[in-house]
$ cat query-v1.csv   # CSV, C-alpha atoms
chain,number,residue,atom,x,y,z
A,1,MET,CA,102.5,134.1,134.6
A,2,CYS,CA,99.9,136.8,135.0
A,3,GLY,CA,100.5,139.1,137.9
A,4,ARG,CA,99.2,142.5,136.8
A,5,THR,CA,96.2,143.5,134.6
A,6,SER,CA,94.3,146.6,133.5
A,7,CYS,CA,90.5,146.9,133.5
A,8,HIS,CA,89.6,150.6,133.6
A,9,LEU,CA,86.2,150.7,131.9
A,10,PRO,CA,83.2,152.0,134.0
A,11,LYS,CA,80.7,149.2,134.8
A,12,ASP,CA,78.0,150.2,132.2
A,13,VAL,CA,80.6,150.3,129.3
A,14,LEU,CA,82.1,147.0,130.6
A,15,ALA,CA,78.7,145.3,130.4
A,16,ARG,CA,78.2,146.5,126.8
A,17,ALA,CA,81.6,145.2,125.9
A,18,CYS,CA,80.5,141.8,127.0
A,19,ALA,CA,77.3,141.6,124.9
A,20,TYR,CA,76.5,138.0,123.9
A,21,ARG,CA,73.8,135.7,122.6
A,22,ASP,CA,72.0,133.2,124.8
A,23,ARG,CA,71.1,129.6,123.9
A,24,GLN,CA,68.0,130.9,122.0
A,25,GLY,CA,70.1,133.3,120.0
A,26,ARG,CA,68.8,136.4,121.7
A,27,GLN,CA,71.3,139.2,122.2
A,28,ARG,CA,71.8,139.9,125.9
A,29,LEU,CA,73.9,142.0,128.2
A,30,PRO,CA,75.3,140.3,131.3
A,31,GLU,CA,73.8,141.5,134.6
A,32,TRP,CA,75.9,142.9,137.4
A,33,LYS,CA,76.1,141.3,140.8
A,34,ASP,CA,77.5,143.6,143.5
A,35,PRO,CA,78.4,146.4,141.1
A,36,ASP,CA,79.4,148.8,143.9
A,37,LYS,CA,82.3,146.5,144.7
A,38,TYR,CA,83.9,147.1,141.2
A,39,CYS,CA,86.8,149.5,141.1
A,40,PRO,CA,88.1,150.3,137.6
A,41,SER,CA,91.9,150.5,137.5
A,42,TYR,CA,94.8,150.6,135.0
A,43,ASN,CA,97.0,148.7,137.4
A,44,LYS,CA,95.3,145.7,139.2
A,45,SER,CA,97.4,143.2,141.2
A,46,PRO,CA,96.6,140.0,143.2
A,47,GLN,CA,94.2,140.5,146.2
A,48,SER,CA,92.5,143.4,144.5
A,49,SER,CA,89.0,143.0,143.1
A,50,SER,CA,88.5,142.3,139.3
A,51,PRO,CA,85.4,141.7,137.2
A,52,VAL,CA,84.7,138.1,136.0
A,53,LEU,CA,82.0,136.6,133.8
A,54,LEU,CA,80.2,133.5,135.0
A,55,SER,CA,77.0,131.5,134.5
A,56,ARG,CA,73.8,132.7,136.1
A,57,LEU,CA,73.2,129.1,137.2
A,58,HIS,CA,75.8,129.6,139.9
A,59,PHE,CA,73.5,132.0,141.7
A,60,GLU,CA,70.0,131.0,140.6
A,61,LYS,CA,68.9,127.3,140.8
A,62,GLY,CA,67.1,126.3,137.6
A,63,ALA,CA,68.5,129.3,135.6
A,64,ASP,CA,69.6,128.9,132.0
A,65,SER,CA,73.3,128.1,132.2
A,66,SER,CA,74.0,130.1,129.0
A,67,GLU,CA,73.0,133.4,130.7
A,68,ARG,CA,75.8,135.4,132.2
A,69,ILE,CA,76.5,137.5,135.3
A,70,ILE,CA,79.4,140.0,135.8
A,71,ALA,CA,80.7,140.0,139.4
A,72,PRO,CA,83.7,141.6,141.1
A,73,MET,CA,85.8,138.9,142.8
A,74,ARG,CA,89.0,138.8,144.8
A,75,TRP,CA,92.1,137.9,142.7
A,76,GLY,CA,93.7,135.0,144.5
A,77,LEU,CA,91.5,132.0,145.1
A,78,VAL,CA,90.6,131.2,148.7
A,79,PRO,CA,89.5,127.6,148.9
A,80,SER,CA,86.1,126.8,150.4
A,81,TRP,CA,87.8,124.4,152.8
A,82,PHE,CA,90.2,127.1,154.2
A,83,LYS,CA,89.7,127.1,158.0
A,84,GLU,CA,91.4,130.4,159.1
A,85,SER,CA,89.4,133.5,159.6
A,86,ASP,CA,91.8,135.7,157.6
A,87,PRO,CA,92.2,134.9,153.9
A,88,SER,CA,95.6,136.6,153.9
A,89,LYS,CA,96.9,133.8,156.1
A,90,LEU,CA,96.7,131.4,153.2
A,91,LYS,CA,100.3,130.1,152.9
A,92,PHE,CA,100.5,129.5,149.2
A,93,ASN,CA,99.9,131.7,146.1
A,94,THR,CA,96.7,131.1,144.3
A,95,SER,CA,96.6,134.1,141.9
A,96,ASN,CA,97.6,131.7,139.0
A,97,CYS,CA,96.9,128.0,138.4
A,98,ARG,CA,99.1,126.0,136.1
A,99,SER,CA,97.1,124.0,133.6
A,100,ASP,CA,99.4,121.0,133.8
A,101,THR,CA,98.8,120.5,137.5
A,102,ILE,CA,95.2,121.8,137.7
A,103,MET,CA,93.9,118.3,138.5
A,104,GLU,CA,96.5,117.6,141.1
A,105,LYS,CA,95.9,120.6,143.4
A,106,ARG,CA,93.0,120.3,145.7
A,107,SER,CA,92.5,124.1,145.8
A,108,PHE,CA,91.7,124.0,142.0
A,109,LYS,CA,90.5,120.5,141.4
A,110,VAL,CA,87.5,120.8,143.7
A,111,PRO,CA,86.0,124.0,142.4
A,112,LEU,CA,86.7,122.9,138.8
A,113,GLY,CA,84.8,119.7,139.5
A,114,LYS,CA,81.9,121.7,140.6
A,115,GLY,CA,81.8,123.6,137.4
A,116,ARG,CA,83.0,126.9,138.9
A,117,ARG,CA,84.5,128.2,135.7
A,118,CYS,CA,84.8,131.9,135.0
A,119,VAL,CA,86.2,134.4,132.5
A,120,VAL,CA,88.4,137.1,133.8
A,121,LEU,CA,88.0,140.4,132.0
A,122,ALA,CA,90.8,142.9,131.3
A,123,ASP,CA,92.0,145.5,128.8
A,124,GLY,CA,95.1,143.4,128.8
A,125,PHE,CA,97.9,142.2,131.1
A,126,TYR,CA,101.5,143.3,131.9
A,127,GLU,CA,104.6,141.2,131.6
A,128,TRP,CA,108.3,142.1,132.3
A,129,GLN,CA,111.4,141.3,130.2
A,130,ARG,CA,114.7,141.3,132.1
A,131,CYS,CA,117.6,143.0,130.3
A,132,GLN,CA,120.7,140.8,130.3
A,133,VAL,CA,123.0,143.7,130.3
A,134,THR,CA,121.5,145.9,133.0
A,135,SER,CA,119.3,143.4,134.8
A,136,GLN,CA,116.5,146.0,134.7
A,137,ARG,CA,113.0,144.8,133.8
A,138,GLN,CA,111.1,146.4,131.0
A,139,PRO,CA,107.3,146.1,131.3
A,140,TYR,CA,105.1,145.3,128.3
A,141,PHE,CA,101.3,145.6,127.8
A,142,ILE,CA,99.8,142.5,126.1
A,143,TYR,CA,96.3,142.4,124.6
A,144,PHE,CA,94.2,141.2,121.7
A,145,PRO,CA,94.9,142.8,118.2
A,146,GLN,CA,92.4,145.5,117.7
A,147,ASP,CA,90.3,145.7,114.5
A,148,LYS,CA,89.3,149.2,113.3
A,149,THR,CA,85.5,149.5,112.9
A,150,GLU,CA,83.2,152.3,111.9
A,151,LYS,CA,82.6,154.9,114.5
A,152,SER,CA,79.4,154.2,116.4
A,153,GLY,CA,79.1,157.6,118.1
A,154,SER,CA,78.5,157.9,121.9
A,155,VAL,CA,78.9,155.1,124.3
A,156,GLY,CA,75.9,156.2,126.2
A,157,ALA,CA,72.5,154.5,126.5
A,158,VAL,CA,71.2,152.5,123.6
A,159,ASP,CA,67.6,152.3,122.4
A,160,GLY,CA,67.3,148.5,122.1
A,161,PRO,CA,69.1,145.2,121.4
A,162,GLU,CA,69.4,145.9,117.7
A,163,HIS,CA,71.9,148.7,118.6
A,164,TRP,CA,74.1,146.8,121.0
A,165,GLU,CA,76.5,145.4,118.4
A,166,LYS,CA,77.3,148.9,117.2
A,167,VAL,CA,77.8,150.5,120.7
A,168,TRP,CA,81.0,148.7,121.6
A,169,ASP,CA,83.6,149.0,118.9
A,170,ASN,CA,86.5,150.7,120.7
A,171,TRP,CA,88.4,147.9,122.3
A,172,ARG,CA,88.2,144.1,122.4
A,173,LEU,CA,88.6,143.0,126.0
A,174,LEU,CA,91.0,140.2,126.8
A,175,THR,CA,89.1,137.1,128.1
A,176,MET,CA,91.1,134.8,130.3
A,177,ALA,CA,90.0,131.4,131.6
A,178,GLY,CA,89.7,131.2,135.4
A,179,ILE,CA,88.3,129.1,138.3
A,180,PHE,CA,86.5,130.6,141.2
A,181,ASP,CA,85.4,129.5,144.7
A,182,CYS,CA,83.2,130.7,147.5
A,183,TRP,CA,84.6,130.9,151.0
A,184,GLU,CA,82.8,131.6,154.3
A,185,SER,CA,84.7,132.7,157.3
A,186,PRO,CA,84.4,130.5,160.4
A,187,GLU,CA,83.4,133.7,162.2
A,188,GLY,CA,80.5,134.2,159.8
A,189,GLY,CA,79.8,137.3,157.6
A,190,ASP,CA,79.5,137.8,153.9
A,191,LEU,CA,80.6,135.1,151.5
A,192,LEU,CA,83.9,135.8,149.7
A,193,TYR,CA,84.1,135.0,146.0
A,194,SER,CA,87.6,134.7,144.6
A,195,TYR,CA,89.3,133.4,141.5
A,196,THR,CA,92.6,132.2,140.0
A,197,ILE,CA,93.8,132.7,136.4
A,198,ILE,CA,94.8,129.5,134.6
A,199,THR,CA,98.2,129.7,132.9
A,200,VAL,CA,99.8,127.8,130.0
A,201,ASP,CA,103.2,127.7,128.3
A,202,SER,CA,104.1,131.0,126.7
A,203,CYS,CA,103.3,131.3,123.0
A,204,LYS,CA,106.1,131.9,120.5
A,205,SER,CA,105.3,135.6,120.4
A,206,LEU,CA,106.0,136.0,124.1
A,207,ASN,CA,109.0,133.7,124.4
A,208,ASP,CA,111.3,136.7,124.1
A,209,ILE,CA,109.6,138.4,127.0
A,210,HIS,CA,108.9,135.7,129.5
A,211,PRO,CA,109.8,132.1,128.5
A,212,ARG,CA,108.9,129.4,131.0
A,213,GLN,CA,112.0,128.1,132.9
A,214,VAL,CA,111.4,124.9,134.8
A,215,THR,CA,114.2,125.7,137.2
A,216,VAL,CA,112.4,128.8,138.4
A,217,LEU,CA,108.8,127.7,137.9
A,218,ILE,CA,107.7,130.6,135.8
A,219,PRO,CA,104.0,129.7,134.9
A,220,GLY,CA,103.9,131.1,131.4
A,221,MET,CA,101.0,133.2,130.1
A,222,PRO,CA,97.3,133.3,130.9
A,223,ALA,CA,95.0,130.8,129.1
A,224,ILE,CA,93.2,133.1,126.7
A,225,LEU,CA,89.7,132.3,125.4
A,226,ASP,CA,89.8,133.6,121.8
A,227,GLY,CA,86.3,134.3,120.6
A,228,GLU,CA,82.7,134.1,121.7
A,229,GLU,CA,82.4,130.3,121.0
A,230,GLU,CA,85.3,129.5,123.4
A,231,VAL,CA,83.9,131.9,126.1
A,232,SER,CA,80.5,130.3,125.8
A,233,LYS,CA,81.8,126.8,126.2
A,234,TRP,CA,84.0,127.7,129.1
A,235,LEU,CA,81.2,129.3,131.0
A,236,ASP,CA,78.3,126.9,130.2
A,237,PHE,CA,79.1,124.2,132.8
A,238,GLY,CA,75.5,123.0,132.5
A,239,GLU,CA,76.1,121.8,129.0
A,240,VAL,CA,79.9,121.5,128.6
A,241,SER,CA,81.7,118.9,130.7
A,242,THR,CA,85.0,119.7,132.5
A,243,ARG,CA,86.8,117.3,130.1
A,244,GLU,CA,85.5,119.2,127.1
A,245,ALA,CA,86.1,122.6,128.6
A,246,LEU,CA,89.8,121.8,129.4
A,247,LYS,CA,90.4,121.3,125.6
A,248,LEU,CA,90.1,125.1,125.3
A,249,ILE,CA,93.1,125.6,127.6
A,250,HIS,CA,96.2,126.1,125.4
A,251,PRO,CA,98.5,129.0,124.3
A,252,THR,CA,97.3,131.4,121.6
A,253,GLU,CA,99.3,133.4,119.1
A,254,ASN,CA,96.5,135.9,118.6
A,255,ILE,CA,98.0,138.6,120.8
A,256,THR,CA,100.1,141.7,120.4
A,257,PHE,CA,102.1,143.9,122.8
A,258,HIS,CA,104.0,147.1,123.2
A,259,PRO,CA,106.5,148.4,125.8
A,260,VAL,CA,105.2,150.7,128.5
A,261,SER,CA,106.6,153.0,131.2
A,262,ARG,CA,108.1,151.6,134.4
A,263,VAL,CA,105.5,153.6,136.2
A,264,VAL,CA,103.4,150.5,136.1
A,265,ASN,CA,106.0,148.7,138.4
A,266,ASN,CA,104.4,150.5,141.4
A,267,THR,CA,100.9,149.2,142.1
A,268,ARG,CA,99.9,152.5,143.6
A,269,ASN,CA,100.3,154.2,140.2
A,270,ASN,CA,96.8,154.1,138.5
A,271,THR,CA,96.8,156.3,135.5
A,272,ALA,CA,96.6,155.9,131.7
A,273,GLU,CA,100.4,156.2,131.5
A,274,CYS,CA,100.6,152.6,132.8
A,275,LEU,CA,99.6,151.2,129.4
A,276,ALA,CA,100.7,154.1,127.1
A,277,PRO,CA,102.9,152.8,124.3
A,278,LEU,CA,106.6,153.7,124.9
A,279,ASN,CA,109.3,154.2,122.3
A,280,LEU,CA,112.3,152.4,123.7
A,281,LEU,CA,114.6,154.1,121.0
A,282,VAL,CA,113.9,157.6,122.4
A,283,LYS,CA,115.2,158.4,125.8
A,284,LYS,CA,113.7,161.8,126.0
A,285,GLU,CA,109.9,161.7,126.6
A,286,LEU,CA,108.0,163.4,123.9
A,287,LYS,CA,104.9,165.7,124.0
A,288,ALA,CA,101.6,163.9,123.5
A,289,SER,CA,100.7,163.8,119.8
A,290,GLY,CA,97.4,163.9,118.1
A,291,SER,CA,97.3,160.1,117.7
A,292,SER,CA,97.9,159.6,121.4
A,293,GLN,CA,95.1,162.0,122.3
A,294,LYS,CA,92.8,160.0,120.1
A,295,MET,CA,93.6,156.8,122.0
A,296,MET,CA,93.2,158.9,125.2
A,297,GLN,CA,89.6,159.5,124.3
A,298,TRP,CA,89.1,155.8,124.6
A,299,LEU,CA,91.1,155.4,127.8
A,300,ALA,CA,89.5,158.4,129.5
A,301,THR,CA,85.9,157.3,129.0
A,302,LYS,CA,85.8,157.8,132.8
A,303,SER,CA,88.7,158.0,135.2
A,304,PRO,CA,89.4,154.6,136.8
A,305,LYS,CA,87.6,155.2,140.1
A,306,LYS,CA,84.8,153.5,141.9
A,307,GLU,CA,81.6,155.1,140.7
A,308,GLU,CA,79.9,157.2,143.4
A,309,PRO,CA,77.1,159.8,143.5
A,310,LYS,CA,77.9,162.7,141.3
A,311,THR,CA,80.0,165.4,142.8
A,312,PRO,CA,81.4,168.7,141.3
A,313,SER,CA,83.6,167.7,138.3
A,314,LYS,CA,87.3,168.0,138.5
A,315,ALA,CA,89.3,170.4,136.3
A,316,GLU,CA,90.3,169.1,132.9
A,317,SER,CA,93.9,169.1,134.0
A,318,ASP,CA,93.1,166.2,136.3
A,319,VAL,CA,92.5,163.8,133.4
A,320,PRO,CA,95.5,161.5,132.9
A,321,GLN,CA,97.7,162.7,130.1
A,322,TRP,CA,100.2,160.7,128.0
A,323,SER,CA,103.8,161.3,128.8
A,324,SER,CA,105.2,159.0,126.1
A,325,GLN,CA,105.1,158.9,122.3
A,326,PHE,CA,103.4,156.0,120.6
A,327,LEU,CA,105.7,153.2,119.5
A,328,GLN,CA,106.0,153.0,115.7
A,329,LYS,CA,109.0,150.7,115.5
A,330,SER,CA,110.0,148.6,118.4
A,331,PRO,CA,113.4,146.8,119.0
A,332,LEU,CA,111.2,143.6,118.9
A,333,PRO,CA,109.3,142.6,115.8
A,334,THR,CA,105.7,143.5,115.6
A,335,LYS,CA,103.4,140.5,116.4
A,336,ARG,CA,100.3,139.5,114.5
A,337,GLY,CA,99.6,143.0,113.2
A,338,GLY,CA,101.6,144.7,116.0
A,339,ALA,CA,99.7,147.4,117.7
A,340,GLY,CA,97.6,147.5,114.5
A,341,LEU,CA,95.1,150.1,115.7
A,342,LEU,CA,97.8,152.2,117.2
A,343,GLU,CA,99.8,152.2,113.9
A,344,ARG,CA,96.8,153.3,111.9
A,345,TRP,CA,96.3,156.2,114.3
A,346,LEU,CA,99.9,157.1,113.8
A,347,LYS,CA,99.6,157.0,110.0
A,348,GLN,CA,96.4,159.1,110.2
A,349,GLU,CA,98.2,161.6,112.4
A,350,LYS,CA,101.1,161.9,109.9
A,351,GLU,CA,98.7,162.5,107.1
A,352,GLU,CA,96.9,165.2,109.0
A,353,GLU,CA,100.0,167.0,110.3
A,354,PRO,CA,101.2,170.1,108.4
A,355,GLU,CA,104.4,169.4,106.5
A,356,ALA,CA,106.4,172.1,108.3
A,357,LYS,CA,105.7,170.5,111.7
A,358,ARG,CA,106.8,167.0,110.8
A,359,PRO,CA,110.1,165.9,112.5
A,360,HIS,CA,113.1,165.5,110.2
A,361,SER,CA,114.5,162.0,110.1
A,362,GLN,CA,117.9,161.5,111.6

$ encode --input "query-v1.csv" --output "structure tokens"
Amino acid sequence: MCGRTSCHLPKDVLARACAYRDRQGRQRLPEWKDPDKYCPSYNKSPQSSSPVLLSRLHFEKGADSSERIIAPMRWGLVPSWFKESDPSKLKFNTSNCRSDTIMEKRSFKVPLGKGRRCVVLADGFYEWQRCQVTSQRQPYFIYFPQDKTEKSGSVGAVDGPEHWEKVWDNWRLLTMAGIFDCWESPEGGDLLYSYTIITVDSCKSLNDIHPRQVTVLIPGMPAILDGEEEVSKWLDFGEVSTREALKLIHPTENITFHPVSRVVNNTRNNTAECLAPLNLLVKKELKASGSSQKMMQWLATKSPKKEEPKTPSKAESDVPQWSSQFLQKSPLPTKRGGAGLLERWLKQEKEEEPEAKRPHSQ
């Protein structure tokens, strides 16, 4: 299942990470709807607000269905037919939607039939593995393998469309297939947009972490849309039928993962430590290394807080700091390149480190 995600990027960087080409082949950035409702976080849980991509046609009649909008939505779909005035009174869990029953449940079948398909954006998601000996659960962070690209400099403003491809080369966002709906309270007020993440059977890479067990109804892993073509087909309900879109829903092996600190278990914890790679073979936490500080530069683009008018900046000590060493060798085999980008940072760090300071092997 998918019950916890991270999406910490500020809204302007998030939009650039979602650059795309419309039907005419023009490179575009998706426009924000209600950007003030977006709250970046390393530790998002159901009923919180998360950013999703969807077609502009859902909001503007006659718009090109290939054009995209980013909108914050409530995680946990509230059906349009729900009659209570309080969404929290919904008596069943709609944060995930099983692909094998999607056409059987009214809550999901109806919005899917209306073309209400969306793509849920995240740095990655968390999953827990239960230890058979201690019964403790070890969290893992799961994400797309990262390809190292040439440095593009600052992630600030760009001069024009020709520069957009080079601006975002730090992290490939995870794109998960979702369904959304629009609910209006019987008492009136603003419309509530909410979504569910479609889930599929766990891929082979994740079977050791969270295999589906029919007896306990574990819903597997998120349905991940791998690549721009799949994202475009899922979003473009004006050109791609529901039947064709559902062919995109299947497990993917193109993921990697690493263990993280149990600090992520508490949803109130919202720091970069939630997704910092953890060495399970070392009980004592180590001082942050040069490689971890390099990744920190990516994570700390801005702290994961709702953007507000500028106020006096906080001291540098307030920036989240790593408290765990990067994982070089995990008890589990590295998957599809492992934490490929992380390993390259480690290798670079060792090459730059003076010989006298390198730790002796045991």

$ closest_residue --input "query-v1.csv" --among "A:Thr271, A:Ser85, A:Thr256, A:Ser241" --to "Leu112 (chain A)" --atoms "all atoms listed in the file"
A:Ser241

$ atom_distance --input "query-v1.csv" --atom1 "CA of Lys11 (chain A)" --atom2 "CA of Arg117 (chain A)"
21.4 Å

$ closest_residue --input "query-v1.csv" --among "A:Gly113, A:Gly188, A:Pro72, A:Gly62" --to "Lys33 (chain A)" --atoms "only C-alpha atoms"
A:Pro72

$ residues_around --input "query-v1.csv" --residues "Trp81 (chain A)" --least-positions-apart "2" --cutoff "10 Å" --atoms "all atoms listed in the file" --output "mmCIF file with C-alpha atoms, in the frame of the given file"
data_model
loop_
_atom_site.group_PDB
_atom_site.id
_atom_site.type_symbol
_atom_site.label_atom_id
_atom_site.label_comp_id
_atom_site.auth_asym_id
_atom_site.auth_seq_id
_atom_site.Cartn_x
_atom_site.Cartn_y
_atom_site.Cartn_z
ATOM 1 C CA VAL A 78 90.600 131.200 148.700
ATOM 2 C CA PRO A 79 89.500 127.600 148.900
ATOM 3 C CA LYS A 83 89.700 127.100 158.000
ATOM 4 C CA GLU A 84 91.400 130.400 159.100
ATOM 5 C CA ARG A 106 93.000 120.300 145.700
ATOM 6 C CA SER A 107 92.500 124.100 145.800
ATOM 7 C CA VAL A 110 87.500 120.800 143.700
ATOM 8 C CA ASP A 181 85.400 129.500 144.700
ATOM 9 C CA CYS A 182 83.200 130.700 147.500
ATOM 10 C CA TRP A 183 84.600 130.900 151.000
ATOM 11 C CA GLU A 184 82.800 131.600 154.300
ATOM 12 C CA SER A 185 84.700 132.700 157.300
#

$ atom_distance --input "query-v1.csv" --atom1 "CA of Ala245 (chain A)" --atom2 "CA of Leu191 (chain A)"
26.7 Å

$ residues_around --input "query-v1.csv" --residues "Ser95 (chain A)" --least-positions-apart "6" --cutoff "10 Å" --atoms "all atoms listed in the file" --output "ChimeraX atom specification"
/A:1-3,45-47,74-78,178,194-198

$ closest_residue --input "query-v1.csv" --among "A:Trp128, A:Trp171, A:Phe141, A:Phe180" --to "Ala276 (chain A)" --atoms "only C-alpha atoms"
A:Phe141

$ closest_residue --input "query-v1.csv" --among "A:Asn279, A:Ser135, A:Thr175, A:Asn270" --to "Asp226 (chain A)" --atoms "only C-alpha atoms"
A:Thr175
